[in-house]
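Colleague: This is the structure I want to talk about, given as structure tokens.
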Amino acid sequence: MNRDNRRTRTVLALLLLTSFLLITVDFRGGGVSDRVRGLVGSVFGPLERAAGAVVRPVSGLVDDVGNLSSRKAKIAALEKENAALRQQLRTTGDVRSRAAQLDRLLRISGLGQYRIVLGQVVAVGPAQGFASTVTIDAGSRDGLTADMTVLNGDGLVGRVKSVTATTATVLLLTDPTSTVGVRLEGTRELGFVSGRGQRPMQLEVPDAQAKITKGQRLVTLGSVNNRPYVRGVPVGVISSVLLEPGSPSRIATVLPYVDVSHLDVLGVVVEPPRTDPRDSVLPPRPAASPTPSAPTAAPRPSGAPSAGSSAGSSAGPSASPRP
Amino acid sequence: MLAARLGLSGAVLALAVVLQVAVFAPMRLPGATPDVMILAVLGIALRWGSTSGAVAGFVGGLLLDAAPPSDSTLGRWALVATIIGFLAGKAALDVERSAVVGPLVVLLGSIAATTGNWVLGVLLSDPRVDAAGLASVLPAAVLYDIVLAPFLVWGVYRLAGRIEVDLA
């Protein structure tokens, strides 16, 4: 009994010491922890993929049940929005500008010309770990490496944090360690969007004089060599501007386009756009739409050769009839 | 005998980790994720005692630290689960004598798991942890653990019982 107790204590002390050692080693950063992760990941990646394949049809059902209350709230909110939209239909101008803006957003993703690899979410980091990460069933075998941009149909999801042969771990943009450089649409203001876990994401614009308003959309600024973020991916919309007089920067909360709690199929950008999609975000050049006071004879004012002789030859829109 | 115990607990813990991250976590239950790994460790500790509990906690925790979606510091869950496994093993002799012991161990173990990981996060100045996060996760985690315990803890406990161990 006594001897057994001593042995137990020795084992406990040894294990605790090893844990501390691991934490220290990993905290300082180094190859050892990466190798351990790689080893465990190469075994658990396929297991998680298999489990995900079996469970996916069932988990969808549970997901629906778990969100019943939020669905009800959503229906109420949608009904309200419906009424509001009906009202707005009468104020067509507003709607038209909205449609134009949405159109532009669509064009960004289309003009982006990213080559993406698709991956299905198979595992999710437990909430008790306080990290926002998911695993997708595509890995280095599919050409993925760390620090690639991850997106879905709605916009930016996050970036690849690490890969195994068959899986990749994605750090979501709502994770508190995630910061994304963004550009405000319209103005060319720069800012940073930081994740804050369960709480709404925060936008910080270093320029204290910057004009930021609720409803402004954000796209990624793009990183050096397109890693970890490529340019022009929709990030979210400013939901409220916080007024902090005397602050050296402007702060706002951001609602992401992507619903991170309902991720399914994600795309990883394996080939960044060849052409810089940033310009497609900008409004069309003024030469393309001359002042309406000059509808001389041409049915389409944009076709008038007299308009914008300074940059007329290089203006893209005027060359549209060209095959 | 030792090999059989290691093999059985290793398989159980690996299965528990996969269950936790690939089955329960994607369900996005409101608030938290059931601590399947911790529940398996409790089942092993309650049957085989403190030494096995500590070892099982260490192995299970390390797997959870390193298996794919994880991005936290290696050894964090290992440390927490080692302590929980060790302490739960202390109750191994009493668990058959009283009906309260099992549920009590599950309750305390569940609270200790989430809180312990949170405290370690604070000590390591992890930007992800804050008081609001703990408050929102803890009640849900404890609730799910208690609901699942009759199946998971008891199941592992029964399974581990196939291998006799002298608890001394």
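FYI, nothing fancy with the structure tokens labels: chains A, B, ... in order, residues from 1 per chain, ligands from 1 as they appear.
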Counting only C-alpha atoms, collect the residues of chain B whose closest atom lies at most 8 Å from chain A, and write them out as a PDB file with C-alpha atoms, in the first residue's frame.

Modeller:
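Now in result22.pdb:
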ATOM      1  CA  VAL B  18     -12.077  11.510 -32.473  1.00  0.00           C
ATOM      2  CA  LEU B  19     -15.621  11.483 -31.064  1.00  0.00           C
ATOM      3  CA  GLN B  20     -15.032  14.830 -29.413  1.00  0.00           C
ATOM      4  CA  VAL B  21     -13.579  16.775 -32.348  1.00  0.00           C
ATOM      5  CA  ALA B  22     -15.172  15.036 -35.343  1.00  0.00           C
ATOM      6  CA  VAL B  23     -18.607  14.082 -34.046  1.00  0.00           C
ATOM      7  CA  ALA B  25     -17.870  19.516 -31.901  1.00  0.00           C
ATOM      8  CA  PRO B  26     -19.280  19.823 -35.462  1.00  0.00           C
ATOM      9  CA  MET B  27     -22.800  19.579 -34.016  1.00  0.00           C
ATOM     10  CA  ARG B  28     -22.221  23.052 -32.613  1.00  0.00           C
ATOM     11  CA  LEU B  29     -24.297  22.406 -29.530  1.00  0.00           C
ATOM     12  CA  PRO B  30     -25.028  25.771 -27.945  1.00  0.00           C
ATOM     13  CA  GLY B  31     -22.358  26.973 -25.520  1.00  0.00           C
ATOM     14  CA  ALA B  32     -19.814  24.190 -25.392  1.00  0.00           C
ATOM     15  CA  THR B  33     -18.656  20.763 -26.535  1.00  0.00           C
ATOM     16  CA  SER B  50      -4.797   6.936  -9.522  1.00  0.00           C
ATOM     17  CA  THR B  51      -1.716   5.767 -11.415  1.00  0.00           C
ATOM     18  CA  ALA B  54      -2.943   9.998 -14.313  1.00  0.00           C
ATOM     19  CA  VAL B  55      -1.357   8.148 -17.237  1.00  0.00           C
ATOM     20  CA  PHE B  58      -1.774  12.535 -19.794  1.00  0.00           C
ATOM     21  CA  LEU B  63      -3.846  13.581 -28.052  1.00  0.00           C
ATOM     22  CA  ALA B  66      -2.030  17.582 -30.877  1.00  0.00           C
ATOM     23  CA  ALA B  67      -4.931  16.188 -32.944  1.00  0.00           C
ATOM     24  CA  PRO B  68      -5.746  18.368 -35.980  1.00  0.00           C
ATOM     25  CA  PRO B  69      -8.123  21.166 -35.153  1.00  0.00           C
ATOM     26  CA  SER B  70      -6.147  22.016 -32.025  1.00  0.00           C
ATOM     27  CA  ASP B  71      -4.093  25.172 -32.015  1.00  0.00           C
ATOM     28  CA  SER B  72      -3.438  25.595 -28.295  1.00  0.00           C
ATOM     29  CA  THR B  73      -0.162  25.023 -26.494  1.00  0.00           C
ATOM     30  CA  LEU B  74       0.984  21.406 -26.459  1.00  0.00           C
ATOM     31  CA  GLY B  75       0.700  19.951 -22.954  1.00  0.00           C
ATOM     32  CA  ARG B  76      -2.150  22.161 -21.784  1.00  0.00           C
ATOM     33  CA  ALA B  78      -2.304  16.959 -20.814  1.00  0.00           C
ATOM     34  CA  LEU B  79      -1.523  18.775 -17.580  1.00  0.00           C
ATOM     35  CA  THR B  82      -3.352  14.249 -15.652  1.00  0.00           C
ATOM     36  CA  ILE B  83      -4.420  15.975 -12.445  1.00  0.00           C
ATOM     37  CA  PHE B  86      -5.079  11.243 -10.641  1.00  0.00           C
ATOM     38  CA  THR B 114     -12.947  23.581 -18.358  1.00  0.00           C
ATOM     39  CA  ASN B 117      -7.741  24.717 -19.130  1.00  0.00           C
ATOM     40  CA  TRP B 118      -8.983  28.265 -18.744  1.00  0.00           C
ATOM     41  CA  PRO B 127      -5.312  36.113 -25.889  1.00  0.00           C
ATOM     42  CA  ARG B 128      -8.255  33.770 -26.437  1.00  0.00           C
ATOM     43  CA  VAL B 129      -9.330  33.382 -22.823  1.00  0.00           C
ATOM     44  CA  GLY B 133     -15.635  33.094 -22.273  1.00  0.00           C
ATOM     45  CA  VAL B 137     -18.801  27.794 -21.752  1.00  0.00           C
ATOM     46  CA  LEU B 138     -18.747  26.252 -18.274  1.00  0.00           C
ATOM     47  CA  ALA B 141     -20.025  21.936 -20.748  1.00  0.00           C
ATOM     48  CA  ALA B 168      -4.666  -2.104  -3.027  1.00  0.00           C
TER      49      ALA B 168
END

Colleague: Please report, as a ChimeraX atom specification, each residue of range 4-135 of chain B to which DSSP assigns alpha helix (DSSP H) when run on this structure's backbone.

Modeller: /B:4-18,36-48,50-66,76-89,101-123,131-135

Colleague: Please save C-alpha atoms of the selected residues as a compact mmCIF listing (two decimals), in the first residue's frame.

Modeller:
# COMPACT_ATOMS: atom_id res chain seq x y z
CA ALA B 4 -3.65 -5.19 -22.29
CA ARG B 5 -4.43 -2.21 -20.10
CA LEU B 6 -2.32 0.12 -22.19
CA GLY B 7 -3.84 -1.18 -25.41
CA LEU B 8 -7.41 -0.92 -24.20
CA SER B 9 -7.05 2.55 -22.68
CA GLY B 10 -5.10 3.80 -25.70
CA ALA B 11 -7.84 2.68 -28.08
CA VAL B 12 -10.56 4.10 -25.84
CA LEU B 13 -8.81 7.47 -25.56
CA ALA B 14 -8.11 7.74 -29.29
CA LEU B 15 -11.76 6.96 -30.01
CA ALA B 16 -12.83 9.53 -27.41
CA VAL B 17 -10.70 12.27 -29.00
CA VAL B 18 -12.08 11.51 -32.47
CA VAL B 36 -15.63 13.16 -24.22
CA MET B 37 -11.90 12.67 -23.58
CA ILE B 38 -12.22 13.73 -19.93
CA LEU B 39 -15.20 11.40 -19.45
CA ALA B 40 -13.18 8.48 -20.81
CA VAL B 41 -10.32 9.36 -18.46
CA LEU B 42 -12.77 9.41 -15.54
CA GLY B 43 -14.06 5.97 -16.49
CA ILE B 44 -10.53 4.55 -16.57
CA ALA B 45 -9.49 6.28 -13.34
CA LEU B 46 -12.57 5.10 -11.45
CA ARG B 47 -11.83 1.49 -12.36
CA TRP B 48 -8.06 1.29 -12.30
CA SER B 50 -4.80 6.94 -9.52
CA THR B 51 -1.72 5.77 -11.41
CA SER B 52 -3.68 4.60 -14.43
CA GLY B 53 -5.91 7.65 -14.16
CA ALA B 54 -2.94 10.00 -14.31
CA VAL B 55 -1.36 8.15 -17.24
CA ALA B 56 -4.67 8.00 -19.12
CA GLY B 57 -5.21 11.70 -18.49
CA PHE B 58 -1.77 12.54 -19.79
CA VAL B 59 -2.18 10.46 -22.96
CA GLY B 60 -5.74 11.63 -23.66
CA GLY B 61 -4.82 15.24 -23.01
CA LEU B 62 -1.77 15.08 -25.24
CA LEU B 63 -3.85 13.58 -28.05
CA LEU B 64 -6.40 16.38 -27.74
CA ASP B 65 -3.57 18.92 -27.69
CA ALA B 66 -2.03 17.58 -30.88
CA ARG B 76 -2.15 22.16 -21.78
CA TRP B 77 -4.89 19.57 -21.81
CA ALA B 78 -2.30 16.96 -20.81
CA LEU B 79 -1.52 18.78 -17.58
CA VAL B 80 -5.17 19.37 -16.71
CA ALA B 81 -6.28 15.82 -17.53
CA THR B 82 -3.35 14.25 -15.65
CA ILE B 83 -4.42 15.97 -12.44
CA ILE B 84 -8.09 15.13 -13.02
CA GLY B 85 -7.26 11.48 -13.73
CA PHE B 86 -5.08 11.24 -10.64
CA LEU B 87 -7.69 12.76 -8.32
CA ALA B 88 -10.57 10.77 -9.83
CA GLY B 89 -8.55 7.60 -9.24
CA VAL B 101 -19.50 9.02 -5.73
CA GLY B 102 -19.67 8.45 -9.50
CA PRO B 103 -21.89 11.42 -10.37
CA LEU B 104 -19.94 13.63 -7.96
CA VAL B 105 -16.64 12.72 -9.64
CA VAL B 106 -18.16 13.49 -13.04
CA LEU B 107 -19.46 16.86 -11.85
CA LEU B 108 -16.17 17.90 -10.27
CA GLY B 109 -14.12 16.51 -13.14
CA SER B 110 -16.17 18.39 -15.71
CA ILE B 111 -15.88 21.67 -13.82
CA ALA B 112 -12.17 21.10 -13.26
CA ALA B 113 -11.53 20.36 -16.96
CA THR B 114 -12.95 23.58 -18.36
CA THR B 115 -11.75 25.73 -15.46
CA GLY B 116 -8.29 24.17 -15.43
CA ASN B 117 -7.74 24.72 -19.13
CA TRP B 118 -8.98 28.26 -18.74
CA VAL B 119 -6.63 28.98 -15.82
CA LEU B 120 -3.68 27.59 -17.76
CA GLY B 121 -4.67 29.84 -20.66
CA VAL B 122 -4.63 32.84 -18.34
CA LEU B 123 -1.23 31.85 -16.94
CA ALA B 131 -13.78 35.75 -17.97
CA ALA B 132 -16.81 36.07 -20.24
CA GLY B 133 -15.63 33.09 -22.27
CA LEU B 134 -15.43 30.85 -19.21
CA ALA B 135 -18.83 31.97 -17.94

Colleague: So how many Å separate CA of Val254 in chain A and CA of Tyr229 in chain A, to one decimal?

Modeller: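 So the answer is 18.0 Å.
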
Colleague: Name the closest residue to Thr166 in chain A among the candidates A:Arg141, A:Arg188, A:Arg231, A:Arg115; distances are taken between atoms, counting only C-alpha atoms.

Modeller: A:Arg141

Colleague: Any idea what the distance is between CA of Val260 in chain A and CA of Leu173 in chain A?

Modeller: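 These atoms are spaced 8.5 Å apart.
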
Colleague: Would you compute the distance between CA of Met148 in chain A and CA of Arg227 in chain A? Give it in Å to one decimal.

Modeller: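 Here the two named atoms are 6.0 Å from each other.
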
Colleague: Write out as a list in words which residues come within 12 Å of Gly153 in chain A when counting only C-alpha atoms, dropping same-chain ones fewer than 3 positions away.

Modeller: Leu105, Leu106, Ser109, Gly110, Ile116, Leu118, Val150, Leu156, Val157, Val233, Pro234, Val235, Tyr257, Val258, Asp259, Leu263, Asp264, Val265, Leu266, Gly267 and Val268 of chain A
